[in-house]
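Pasting work05.cif here (mmCIF, C-alpha atoms):
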data_protein
#
loop_
_atom_site.label_atom_id
_atom_site.label_comp_id
_atom_site.auth_asym_id
_atom_site.auth_seq_id
_atom_site.Cartn_x
_atom_site.Cartn_y
_atom_site.Cartn_z
CA MET S 1 -20.86 -4.80 1.94
CA SER S 2 -19.83 -8.09 3.51
CA PHE S 3 -17.03 -10.37 2.54
CA ASN S 4 -18.11 -13.59 0.94
CA LYS S 5 -16.12 -16.33 2.67
CA ILE S 6 -15.83 -18.28 -0.56
CA ASP S 7 -14.06 -15.33 -2.19
CA ILE S 8 -11.71 -14.35 0.64
CA ASN S 9 -8.70 -16.14 -0.84
CA LYS S 10 -9.38 -14.57 -4.24
CA LEU S 11 -9.69 -11.14 -2.67
CA PHE S 12 -6.45 -11.59 -0.75
CA TYR S 13 -4.42 -12.86 -3.70
CA SER S 14 -5.89 -10.16 -5.93
CA PHE S 15 -4.80 -7.57 -3.38
CA ILE S 16 -1.20 -8.79 -3.11
CA THR S 17 -0.93 -9.22 -6.90
CA ILE S 18 -2.08 -5.66 -7.55
CA HIS S 19 0.18 -4.43 -4.74
CA LEU S 20 3.16 -6.20 -6.31
CA ILE S 21 2.42 -4.88 -9.82
CA LEU S 22 1.74 -1.29 -8.72
CA TRP S 23 4.83 -0.96 -6.55
CA THR S 24 7.01 -2.58 -9.22
CA LEU S 25 5.76 -0.46 -12.14
CA ILE S 26 5.46 2.97 -10.50
CA PRO S 27 9.13 3.30 -9.43
CA SER S 28 10.26 1.56 -12.62
CA PHE S 29 8.64 4.27 -14.76
CA THR S 30 9.28 7.30 -12.54
CA ASN S 31 12.83 6.73 -11.25
CA ASN S 32 15.88 7.29 -13.44
CA ASN S 33 18.17 5.37 -11.12
CA LEU S 34 17.94 2.82 -8.33
CA PRO S 35 17.81 4.20 -4.77
CA LEU S 36 20.89 4.73 -2.63
CA ASP S 37 20.67 1.62 -0.44
CA THR S 38 19.95 -0.68 -3.37
CA ILE S 39 22.97 0.58 -5.32
CA GLU S 40 25.15 0.30 -2.22
CA HIS S 41 24.07 -3.29 -1.55
CA LEU S 42 24.52 -4.20 -5.23
CA ALA S 43 28.08 -2.90 -4.94
CA TRP S 44 28.60 -5.27 -2.03
CA GLY S 45 27.07 -8.07 -4.08
CA SER S 46 29.71 -7.61 -6.78
CA ASN S 47 32.28 -8.69 -4.20
CA LEU S 48 30.33 -11.07 -1.96
CA ASP S 49 31.67 -11.76 1.50
CA TRP S 50 30.29 -12.96 4.85
CA GLY S 51 29.81 -9.38 5.97
CA PHE S 52 30.32 -5.75 5.02
CA ASN S 53 31.31 -2.55 6.76
CA LYS S 54 27.70 -1.60 7.60
CA HIS S 55 25.60 -4.75 7.64
CA PRO S 56 25.69 -8.56 7.51
CA PRO S 57 25.60 -10.22 4.06
CA ALA S 58 22.04 -11.43 3.33
CA VAL S 59 20.82 -8.31 1.51
CA ALA S 60 23.79 -8.34 -0.89
CA PHE S 61 23.35 -12.09 -1.46
CA PHE S 62 19.72 -11.77 -2.60
CA LEU S 63 20.49 -8.79 -4.83
CA GLU S 64 23.41 -10.59 -6.45
CA ILE S 65 21.19 -13.58 -7.27
CA PHE S 66 18.85 -11.25 -9.14
CA TYR S 67 21.77 -9.50 -10.84
CA GLN S 68 23.12 -12.81 -12.11
CA ILE S 69 19.69 -13.62 -13.55
CA PHE S 70 18.55 -10.23 -14.89
CA GLY S 71 21.62 -7.99 -15.00
CA ALA S 72 21.24 -4.21 -14.81
CA GLN S 73 17.45 -4.07 -15.23
CA ASP S 74 16.13 -1.63 -12.63
CA TRP S 75 12.58 -3.00 -12.58
CA THR S 76 13.76 -6.39 -11.37
CA TYR S 77 15.05 -4.93 -8.10
CA TYR S 78 11.75 -3.18 -7.47
CA LEU S 79 10.14 -6.55 -8.18
CA LEU S 80 12.51 -8.27 -5.73
CA SER S 81 11.49 -5.83 -3.02
CA GLN S 82 7.78 -6.48 -3.61
CA ILE S 83 8.34 -10.25 -3.63
CA PHE S 84 9.74 -9.92 -0.11
CA VAL S 85 6.79 -7.76 0.97
CA VAL S 86 4.25 -10.15 -0.56
CA ILE S 87 5.84 -13.21 1.09
CA ALA S 88 5.53 -11.41 4.42
CA PHE S 89 1.86 -10.58 3.71
CA ILE S 90 1.09 -14.20 2.77
CA THR S 91 2.73 -15.44 5.97
CA VAL S 92 0.78 -12.95 8.09
CA PHE S 93 -2.44 -14.06 6.36
CA LYS S 94 -1.71 -17.76 6.97
CA PHE S 95 -0.84 -17.06 10.59
CA ALA S 96 -4.06 -15.08 11.06
CA GLU S 97 -6.07 -17.93 9.52
CA GLU S 98 -4.68 -20.35 12.10
CA LEU S 99 -5.24 -17.86 14.91
CA PHE S 100 -8.77 -16.67 14.07
CA LYS S 101 -10.19 -19.66 12.15
CA ASN S 102 -11.95 -16.87 10.27
CA LYS S 103 -10.90 -15.76 6.79
CA THR S 104 -12.62 -12.37 6.98
CA LEU S 105 -10.68 -11.37 10.09
CA SER S 106 -7.51 -12.73 8.49
CA LEU S 107 -8.01 -10.54 5.42
CA ILE S 108 -8.74 -7.46 7.53
CA SER S 109 -5.52 -8.09 9.50
CA VAL S 110 -3.47 -7.80 6.32
CA LEU S 111 -5.44 -4.97 4.69
CA LEU S 112 -4.82 -2.85 7.79
CA LEU S 113 -1.09 -2.98 7.00
CA GLU S 114 -1.70 -0.68 4.02
CA GLY S 115 -2.18 2.01 6.65
CA ILE S 116 1.51 1.70 7.65
CA TYR S 117 3.84 3.33 5.15
CA PHE S 118 6.62 0.83 5.84
CA TYR S 119 4.67 -1.66 3.72
CA ASN S 120 3.98 0.53 0.70
CA PHE S 121 5.69 3.92 0.26
CA THR S 122 9.17 2.88 1.41
CA THR S 123 9.23 -0.58 -0.17
CA PRO S 124 10.69 0.26 -3.63
CA GLU S 125 14.11 0.62 -2.00
CA PHE S 126 15.34 -2.90 -1.43
CA ASN S 127 17.56 -2.64 1.64
CA VAL S 128 18.26 -4.39 4.92
CA ASN S 129 14.91 -3.27 6.35
CA VAL S 130 12.84 -4.78 3.53
CA CYS S 131 15.11 -7.82 3.48
CA GLN S 132 14.01 -8.71 7.03
CA LEU S 133 10.28 -8.75 6.29
CA PRO S 134 9.64 -12.34 5.11
CA PHE S 135 11.98 -13.83 7.71
CA TRP S 136 10.44 -11.79 10.52
CA ALA S 137 7.01 -13.06 9.47
CA LEU S 138 8.19 -16.66 9.10
CA CYS S 139 9.90 -16.63 12.51
CA VAL S 140 6.64 -15.52 14.11
CA TYR S 141 4.70 -18.15 12.17
CA TYR S 142 6.93 -21.04 13.23
CA SER S 143 7.12 -19.72 16.79
CA TRP S 144 3.33 -19.83 16.83
CA LYS S 145 3.37 -23.44 15.65
CA LEU S 146 5.69 -24.35 18.51
CA PHE S 147 3.67 -22.30 20.99
CA ASP S 148 0.24 -23.54 19.90
CA LYS S 149 0.91 -27.25 19.44
CA GLN S 150 1.30 -29.65 22.33
CA GLU S 151 3.81 -31.70 20.35
CA VAL S 152 7.12 -30.07 19.47
CA THR S 153 8.32 -31.14 16.01
CA LEU S 154 11.89 -31.13 14.72
CA LYS S 155 10.66 -29.60 11.45
CA ASP S 156 9.22 -26.52 13.12
CA CYS S 157 12.32 -26.06 15.29
CA PHE S 158 14.60 -26.45 12.28
CA TRP S 159 12.78 -23.86 10.16
CA LEU S 160 12.61 -21.43 13.06
CA GLY S 161 16.39 -21.69 13.37
CA VAL S 162 16.90 -21.20 9.62
CA PHE S 163 14.66 -18.15 9.30
CA SER S 164 16.04 -16.66 12.50
CA ALA S 165 19.57 -16.90 11.13
CA ILE S 166 18.70 -15.39 7.74
CA GLY S 167 16.79 -12.60 9.45
CA PHE S 168 19.73 -11.85 11.73
CA LEU S 169 22.08 -11.95 8.72
CA SER S 170 19.82 -9.34 7.12
CA LYS S 171 20.12 -6.90 10.02
CA TYR S 172 21.25 -7.28 13.62
CA LEU S 173 18.11 -5.55 14.93
CA PHE S 174 16.32 -8.81 14.14
CA ILE S 175 17.59 -9.86 17.56
CA TYR S 176 14.78 -7.83 19.16
CA LEU S 177 12.19 -10.23 17.76
CA LEU S 178 14.26 -13.25 18.81
CA LEU S 179 14.59 -11.88 22.35
CA ALA S 180 10.82 -11.36 22.50
CA ILE S 181 10.23 -14.96 21.36
CA ASP S 182 12.69 -16.25 23.98
CA LEU S 183 10.97 -14.21 26.69
CA LEU S 184 7.59 -15.55 25.57
CA PHE S 185 8.65 -19.19 25.88
CA PHE S 186 10.44 -18.52 29.17
CA TYR S 187 7.26 -16.94 30.54
CA ALA S 188 5.04 -19.74 29.22
CA ILE S 189 7.30 -22.59 30.39
CA PHE S 190 8.84 -21.44 33.65
CA ILE S 191 6.40 -18.85 35.03
CA LYS S 192 2.90 -19.69 33.83
CA LYS S 193 3.81 -23.32 33.03
CA TYR S 194 1.46 -23.45 30.03
CA LYS S 195 4.03 -25.62 28.30
CA LYS S 196 6.75 -28.07 29.26
CA PHE S 197 10.35 -27.58 28.31
CA ASP S 198 11.39 -29.80 25.43
CA PHE S 199 15.02 -30.30 24.40
CA LYS S 200 13.87 -30.10 20.77
CA TYR S 201 13.66 -26.33 21.30
CA LEU S 202 17.46 -26.31 21.34
CA ILE S 203 17.46 -27.46 17.69
CA SER S 204 16.45 -23.91 16.72
CA LEU S 205 19.37 -22.47 18.65
CA GLU S 206 21.83 -24.99 17.21
CA VAL S 207 20.74 -24.33 13.61
CA PHE S 208 20.85 -20.58 14.26
CA ILE S 209 24.41 -20.69 15.60
CA ILE S 210 25.70 -23.05 12.90
CA LEU S 211 24.40 -20.78 10.13
CA LEU S 212 25.98 -17.75 11.81
CA VAL S 213 29.46 -19.27 12.23
CA PRO S 214 30.92 -17.98 8.91
CA HIS S 215 29.67 -14.47 9.62
CA LEU S 216 30.96 -14.55 13.20
CA ILE S 217 34.42 -15.60 11.92
CA TRP S 218 34.32 -12.74 9.39
CA LEU S 219 33.19 -10.34 12.12
CA THR S 220 36.11 -11.32 14.35
CA ASN S 221 38.60 -10.98 11.49
CA ASN S 222 37.26 -7.51 10.63
CA ASP S 223 37.36 -5.93 14.10
CA TYR S 224 33.56 -6.10 14.55
CA VAL S 225 33.16 -3.29 12.02
CA THR S 226 29.40 -3.75 11.52
CA ILE S 227 28.74 -3.50 15.26
CA THR S 228 30.81 -0.33 15.64
CA TYR S 229 29.00 1.16 12.62
CA GLY S 230 25.60 0.42 14.18
CA LEU S 231 26.62 1.98 17.50
CA ALA S 232 27.86 5.07 15.68
CA ARG S 233 24.56 5.37 13.75
CA ALA S 234 22.70 5.29 17.05
CA GLY S 235 24.75 8.28 18.24
CA LEU S 236 26.12 6.58 21.35
CA GLU S 237 29.53 8.22 21.09
CA ASN S 238 28.14 11.71 21.75
CA SER S 239 25.26 10.71 24.00
CA SER S 240 24.35 13.08 26.85
CA LEU S 241 22.19 12.59 29.94
CA LEU S 242 19.32 14.51 28.32
CA ASP S 243 19.37 12.11 25.36
CA HIS S 244 18.07 9.36 27.66
CA ILE S 245 14.83 11.33 27.92
CA ILE S 246 14.55 13.22 24.63
CA TYR S 247 15.29 10.35 22.22
CA PRO S 248 12.80 7.90 23.81
CA LEU S 249 10.08 10.60 23.65
CA ILE S 250 10.92 11.32 20.01
CA PHE S 251 10.80 7.59 19.34
CA LEU S 252 7.32 7.28 20.89
CA GLY S 253 6.07 10.33 19.03
CA LYS S 254 7.23 8.95 15.69
CA GLN S 255 5.57 5.59 16.33
CA ILE S 256 2.26 7.31 17.05
CA GLY S 257 2.61 9.39 13.89
CA ILE S 258 3.38 6.33 11.77
CA LEU S 259 0.22 4.59 12.99
CA ILE S 260 -2.24 7.45 12.40
CA PRO S 261 -3.47 6.13 8.98
CA PHE S 262 -3.70 2.65 10.51
CA PHE S 263 -5.99 3.90 13.29
CA ILE S 264 -8.07 5.92 10.83
CA MET S 265 -8.77 2.66 9.00
CA LEU S 266 -9.60 1.01 12.32
CA PHE S 267 -12.05 3.83 13.18
CA PHE S 268 -14.11 2.91 10.11
CA LEU S 269 -14.12 -0.74 11.13
CA VAL S 270 -14.94 -0.85 14.85
CA LYS S 271 -18.34 0.20 16.21
CA LYS S 272 -17.23 0.68 19.84
CA PHE S 273 -13.72 0.81 21.24
CA LYS S 274 -14.42 -1.52 24.13
CA PHE S 275 -12.14 -4.42 24.92
CA LYS S 276 -10.88 -6.61 27.72
CA ILE S 277 -7.29 -7.77 27.90
CA SER S 278 -6.25 -10.86 29.83
CA LEU S 279 -2.85 -12.46 29.57
CA ASN S 280 -4.54 -15.73 30.49
CA ASP S 281 -5.68 -15.68 26.88
CA LYS S 282 -2.79 -17.57 25.27
CA LYS S 283 -3.44 -16.18 21.80
CA LEU S 284 -3.40 -12.61 23.08
CA LEU S 285 -0.29 -13.39 25.15
CA PHE S 286 1.50 -14.52 22.02
CA LEU S 287 0.40 -11.45 20.04
CA VAL S 288 1.49 -9.08 22.81
CA PHE S 289 4.93 -10.64 23.01
CA ILE S 290 5.65 -10.62 19.27
CA ASN S 291 4.18 -7.15 18.67
CA LEU S 292 4.71 -4.99 21.74
CA VAL S 293 7.73 -6.54 23.45
CA PRO S 294 10.17 -5.86 20.53
CA ILE S 295 8.99 -2.24 20.43
CA GLY S 296 9.29 -2.03 24.21
CA LEU S 297 12.83 -3.40 24.03
CA MET S 298 13.73 -0.74 21.45
CA LEU S 299 12.30 1.96 23.71
CA LEU S 300 14.21 0.52 26.67
CA THR S 301 17.42 0.53 24.61
CA SER S 302 16.94 4.21 23.84
CA MET S 303 16.22 5.01 27.50
CA LEU S 304 19.20 3.09 28.88
CA THR S 305 21.78 4.11 26.27
CA GLY S 306 20.49 7.49 25.11
CA SER S 307 20.59 6.21 21.53
CA LYS S 308 18.63 7.67 18.65
CA ILE S 309 16.30 5.09 17.09
CA ARG S 310 15.95 5.83 13.40
CA THR S 311 12.43 5.55 12.04
CA MET S 312 13.19 3.08 9.24
CA TRP S 313 14.72 0.64 11.71
CA MET S 314 11.17 -0.16 12.80
CA THR S 315 10.11 -1.46 9.36
CA PRO S 316 9.42 -5.11 10.30
CA PHE S 317 8.17 -4.42 13.84
CA TYR S 318 4.54 -3.78 12.82
CA LEU S 319 3.96 -6.74 10.50
CA PHE S 320 1.55 -8.42 12.95
CA PHE S 321 0.06 -5.25 14.37
CA GLY S 322 -3.04 -5.71 12.24
CA VAL S 323 -3.52 -9.18 13.70
CA LEU S 324 -3.14 -7.88 17.27
CA ILE S 325 -5.62 -5.03 16.86
CA THR S 326 -8.10 -7.20 14.97
CA TYR S 327 -7.90 -9.82 17.72
CA ILE S 328 -8.50 -7.23 20.46
CA PHE S 329 -11.51 -5.71 18.69
CA LYS S 330 -12.81 -8.81 16.91
CA THR S 331 -16.15 -8.73 18.74
CA GLN S 332 -16.54 -5.02 17.99
CA ILE S 333 -15.96 -5.22 14.25
CA ASN S 334 -19.09 -3.89 12.57
CA GLN S 335 -19.94 -5.68 9.31
CA LYS S 336 -22.12 -2.68 8.37
CA LYS S 337 -19.07 -0.37 8.51
CA LEU S 338 -17.04 -2.46 6.05
CA ASN S 339 -17.95 -0.09 3.21
CA GLY S 340 -16.23 2.78 5.02
CA PHE S 341 -13.23 0.61 5.87
CA ILE S 342 -12.84 -0.56 2.27
CA SER S 343 -13.18 3.03 1.01
CA VAL S 344 -10.37 4.25 3.29
CA PHE S 345 -8.28 1.21 2.37
CA LEU S 346 -8.71 1.90 -1.37
CA ILE S 347 -7.83 5.58 -0.92
CA LEU S 348 -4.58 4.65 0.84
CA PHE S 349 -3.92 1.79 -1.58
CA ILE S 350 -4.18 4.09 -4.61
CA PHE S 351 -2.99 7.33 -3.00
CA SER S 352 0.39 5.96 -1.81
CA PRO S 353 1.76 4.92 -5.24
CA PHE S 354 0.27 8.08 -6.81
CA ILE S 355 2.12 10.30 -4.30
CA TYR S 356 5.30 8.27 -4.76
CA GLY S 357 5.10 8.72 -8.54
CA TYR S 358 4.29 12.43 -8.21
CA ILE S 359 7.26 13.09 -5.92
CA SER S 360 9.53 11.00 -8.12
CA THR S 361 8.64 12.95 -11.27
CA THR S 362 8.41 16.48 -9.83
CA GLU S 363 11.45 16.55 -7.56
CA THR S 364 14.66 16.42 -9.57
CA ASP S 365 17.43 16.41 -6.98
CA LYS S 366 16.94 12.94 -5.51
CA ARG S 367 19.32 9.99 -5.67
CA THR S 368 16.84 8.31 -8.01
CA ASP S 369 17.38 11.19 -10.48
CA TYR S 370 21.09 10.43 -10.77
CA LEU S 371 22.12 9.70 -14.38
CA GLY S 372 24.05 6.57 -13.48
CA LYS S 373 23.59 4.82 -16.81
CA ASP S 374 24.68 7.85 -18.87
CA ILE S 375 27.75 8.35 -16.71
CA ALA S 376 28.65 4.67 -17.09
CA ILE S 377 28.40 4.96 -20.90
CA LYS S 378 30.71 7.99 -20.93
CA THR S 379 33.13 6.29 -18.53
CA GLN S 380 33.25 3.18 -20.72
CA TYR S 381 33.88 5.30 -23.83
CA PHE S 382 36.70 7.19 -22.10
CA TRP S 383 38.30 3.91 -20.97
CA ASP S 384 38.00 2.32 -24.42
CA GLN S 385 39.89 5.19 -26.02
CA ASN S 386 42.96 4.34 -23.97
CA HIS S 387 42.73 0.65 -23.04
CA LYS S 388 41.80 -2.64 -24.68
CA GLU S 389 41.34 -4.55 -21.43
CA PRO S 390 37.90 -4.59 -19.77
CA ILE S 391 37.16 -2.67 -16.58
CA ASN S 392 36.97 -5.27 -13.82
CA VAL S 393 37.68 -3.20 -10.69
CA VAL S 394 36.12 0.01 -9.39
CA LEU S 395 37.21 1.91 -6.27
CA GLY S 396 35.60 4.74 -4.37
CA ASP S 397 32.39 5.80 -2.64
CA GLU S 398 29.64 3.14 -2.62
CA TRP S 399 27.20 5.45 -4.39
CA TYR S 400 29.31 6.74 -7.29
CA ALA S 401 31.54 3.69 -7.65
CA GLY S 402 28.57 1.40 -6.95
CA ASN S 403 26.63 2.93 -9.82
CA LEU S 404 29.53 2.18 -12.19
CA SER S 405 29.76 -1.37 -10.87
CA TYR S 406 26.05 -1.83 -11.55
CA HIS S 407 25.73 -0.05 -14.92
CA LEU S 408 28.96 -1.06 -16.68
CA LYS S 409 28.45 -4.18 -18.80
CA SER S 410 31.65 -5.78 -17.49
CA ARG S 411 30.21 -5.63 -13.93
CA PRO S 412 33.48 -4.54 -12.27
CA VAL S 413 33.99 -5.63 -8.69
CA TRP S 414 33.65 -2.85 -6.14
CA GLU S 415 36.63 -3.09 -3.80
CA GLY S 416 35.94 -0.24 -1.41
CA ILE S 417 37.68 3.08 -0.89
CA ILE S 418 40.73 4.15 -2.86
CA THR S 419 44.08 3.26 -1.29
CA LYS S 420 47.61 3.28 -2.65
CA GLY S 421 47.91 -0.47 -2.10
CA LYS S 422 44.77 -1.21 -4.12
CA LEU S 423 45.91 1.03 -6.99
CA ASN S 424 49.34 -0.64 -7.03
CA SER S 425 47.63 -4.03 -7.43
CA LEU S 426 46.02 -2.93 -10.71
CA THR S 427 47.84 -3.36 -14.01
CA LYS S 428 46.06 -0.34 -15.49
CA PHE S 429 43.78 2.23 -13.92
CA THR S 430 42.27 5.66 -14.42
CA CYS S 431 40.95 7.98 -11.72
CA ILE S 432 38.19 10.51 -12.33
CA ASP S 433 37.30 12.78 -9.42
CA ASN S 434 36.98 10.38 -6.44
CA ILE S 435 36.50 7.18 -8.45
CA CYS S 436 39.11 4.86 -9.91
CA ILE S 437 38.43 2.22 -12.56
CA GLY S 438 40.93 -0.36 -13.61
CA ASN S 439 41.93 -3.83 -14.68
CA ARG S 440 43.64 -6.49 -12.65
#
Could you show the structure in this file as structure tokens?
Amino acid sequence: MSFNKIDINKLFYSFITIHLILWTLIPSFTNNNLPLDTIEHLAWGSNLDWGFNKHPPAVAFFLEIFYQIFGAQDWTYYLLSQIFVVIAFITVFKFAEELFKNKTLSLISVLLLEGIYFYNFTTPEFNVNVCQLPFWALCVYYSWKLFDKQEVTLKDCFWLGVFSAIGFLSKYLFIYLLLAIDLLFFYAIFIKKYKKFDFKYLISLEVFIILLVPHLIWLTNNDYVTITYGLARAGLENSSLLDHIIYPLIFLGKQIGILIPFFIMLFFLVKKFKFKISLNDKKLLFLVFINLVPIGLMLLTSMLTGSKIRTMWMTPFYLFFGVLITYIFKTQINQKKLNGFISVFLILFIFSPFIYGYISTTETDKRTDYLGKDIAIKTQYFWDQNHKEPINVVLGDEWYAGNLSYHLKSRPVWEGIITKGKLNSLTKFTCIDNICIGNR
């Protein structure tokens, strides 16, 4: 089999369309309830602010837009997640086209991503990790435009600043990509002198800072709660000397494990694993910086601080890994082995949603098996027997209270944990277990 260049675009858009449909329908039919993170972020969206106790606000903002359009329709949030994934795939494909000037290699670069479970199996849960994907891809794309072109344009600098800010407002770990991009341009301008410094570059920084100002004000007013939460999740408070060795090794081991299916696909594509690497190759230099440097910085963070890097934090880090590997082995790609590559790709492409659906239907103690809608109906009935006013406030744990906020037709605002002051502000309220519902 060989790819017909005329049909490459059709093949690519067929792939992402089927990907979107499969990963929207499978969880929609097999899950009884939305996943934990999605419910939590929807709870935040009911009471939008410039930040929340765990993360910055972008994820809640996008979910709330969909809630205002579709309401409590679970399938729409699985669709939202796949829209973000597909936008990232399209951006990677467009970037690869500009890099390779070869549509076949561009398509292979994206198809290889099906070998990384971050871009299929974990995507139904719309959370801060998935929320980063399109902005991570777009930042790389516009960085490439600035790196590749001799002329620096205000448009490219502006959009890089915008997408950098939205990415950072999705999750602070986005900073690892931005640091890698900064190091790339510093290396190219001041060390290798491939490029000349242009004051237009500062437009990106200015736009980035301006868009972050409201969140930074919120962060200051809330005692930097999201930062302290992130440090606690990394386990820094109880870090020991041994952690500086053990956690980095665990991190490396997990990254190798994650990439095993990816390299199996590559094995069926490359005839000989021979390659030469030269950082004088500007394209390769760019790919190394945006792929390997962020991962290296994460590893360095773990080594220096003894922090535990959670696997899902790495979700956006491998978006351009297919492009990097394809570029390195582009002269070794065997057109005669494409049949094997496509076969492995199709197995993974079909197998992943099948396994997801099987686990979802056979295991019955997951968060997605929670009867959130039924509980909301019973809660509404109980309230209606005693009160005429609608429920417009819910207090308590993000999961249980968040489910009520999402499923109740009145869409009550989630206002956090239960406190005496919050209860006193309600005209009427009822508490059941660790949840309080009321009217203000």
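Between Trp50 of chain S and the residues S:Leu169, S:Ile290, S:Ala232, S:Ile377, the shortest atom-to-atom distance, using all atoms listed in the file, involves S:Leu169.
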If the PyMOL selection byres ((chain S and resi 201) around 10) is run on the structure shown, which residues does it catch, given as a PyMOL selection string?
chain S and resi 146+152-154+156-158+160-161+185+197-200+202-206
So which one's closest to Lys149 of chain S, S:Lys196, S:Leu426, S:Ile18, S:Tyr327? Using all atoms listed in the file, please.
S:Lys196
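The gap separating atom CA of His19 of chain S from atom CA of Thr361 of chain S is 20.4 Å, in Å to one decimal.
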Could you list the residues chosen by the PyMOL selection byres ((chain S and resi 428) around 8) in this structure as a VMD selection string?
chain S and resid 426 to 427 429 to 430 438 to 440
Among the residues S:Ile227, S:Ala137, S:Arg233, S:Phe118, the one that comes closest to Pro261 of chain S [using all atoms listed in the file]:
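Nearest to Pro261 of chain S: S:Phe118.
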Need the shell around Leu36 of chain S: protein/DNA/RNA residues with any atom at most 9 Å away, counting all atoms listed in the file. Skip same-chain ones fewer than 4 positions apart. Format as a PDB file with C-alpha atoms, in the frame of the given file?
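Resulting contents of selection_30.pdb:
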ATOM      1  CA  GLU S  40      25.150   0.300  -2.220  1.00  0.00           C
ATOM      2  CA  HIS S  41      24.070  -3.290  -1.550  1.00  0.00           C
ATOM      3  CA  GLU S 125      14.110   0.620  -2.000  1.00  0.00           C
ATOM      4  CA  ARG S 367      19.320   9.990  -5.670  1.00  0.00           C
ATOM      5  CA  THR S 368      16.840   8.310  -8.010  1.00  0.00           C
ATOM      6  CA  GLU S 398      29.640   3.140  -2.620  1.00  0.00           C
ATOM      7  CA  TRP S 399      27.200   5.450  -4.390  1.00  0.00           C
TER       8      TRP S 399
END
Polymer residues at most 9 Å from Leu259 of chain S, all atoms listed in the file, same-chain spacing of 6 or more positions, as an mmCIF file with C-alpha atoms, keeping the file's coordinate frame:
data_model
loop_
_atom_site.group_PDB
_atom_site.id
_atom_site.type_symbol
_atom_site.label_atom_id
_atom_site.label_comp_id
_atom_site.auth_asym_id
_atom_site.auth_seq_id
_atom_site.Cartn_x
_atom_site.Cartn_y
_atom_site.Cartn_z
ATOM 1 C CA GLY S 115 -2.180 2.010 6.650
ATOM 2 C CA ILE S 116 1.510 1.700 7.650
ATOM 3 C CA TYR S 117 3.840 3.330 5.150
#
Target residues per the PyMOL selection byres ((chain S and resi 270-280) around 10), formatted as a ChimeraX atom specification:
/S:192,194,265-269,281-286,288,326-338,341
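If you count only C-alpha atoms and ignore residues fewer than 4 places along the chain from Val86 of chain S, what sits within 7 Å of it is Ile16, Gln82 and Ile90 of chain S.
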Polymer residues at most 9 Å from segment 386-392 of chain S, all atoms listed in the file, same-chain spacing of 2 or more positions, as a ChimeraX atom specification
/S:380,382-384,394,405,408,410-414,428-429,437-440
All residues 9 Å or closer to segment 307-319 of chain S, all atoms listed in the file, same chain fewer than 5 positions away omitted, as a PyMOL selection string
chain S and resi 88-89+92+110+113+116-119+122+129-130+132-134+136-137+173-174+177+231+233-236+239+243-244+247-248+250-251+254-255+290-292+294-295+298-299+301-302
Enter the distance from atom CA of Thr91 of chain S to atom CA of Tyr141 of chain S, in Å, rounded to one decimal.
7.0 Å
Have a look at atom CA of Pro56 of chain S and atom CA of Lys94 of chain S and let me know their distance in Å, one decimal.
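Taking atom CA of Pro56 of chain S as the start and atom CA of Lys94 of chain S as the end point, the length is 28.9 Å.
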Edge lengths and centre, in Å to one decimal, as JSON: that's what I need for the box along x, y and z that holds all listed atoms of segment 113-116 of chain S plus 4 Å on each side.
{"center_x": -0.3, "center_y": -0.5, "center_z": 5.8, "size_x": 11.7, "size_y": 13.0, "size_z": 11.6}
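In terms of minimum interatomic distance to Leu25 of chain S, S:Gly357 ranks closest within S:Gly322, S:Gly306, S:Gly167, S:Gly357, counting only C-alpha atoms.
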Which residue, S:Ser14, S:Asn424, S:Asn32, S:Asn434, has the smallest gap to Tyr370 of chain S when you use only C-alpha atoms?
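Closest to Tyr370 of chain S, using only C-alpha atoms: S:Asn32.
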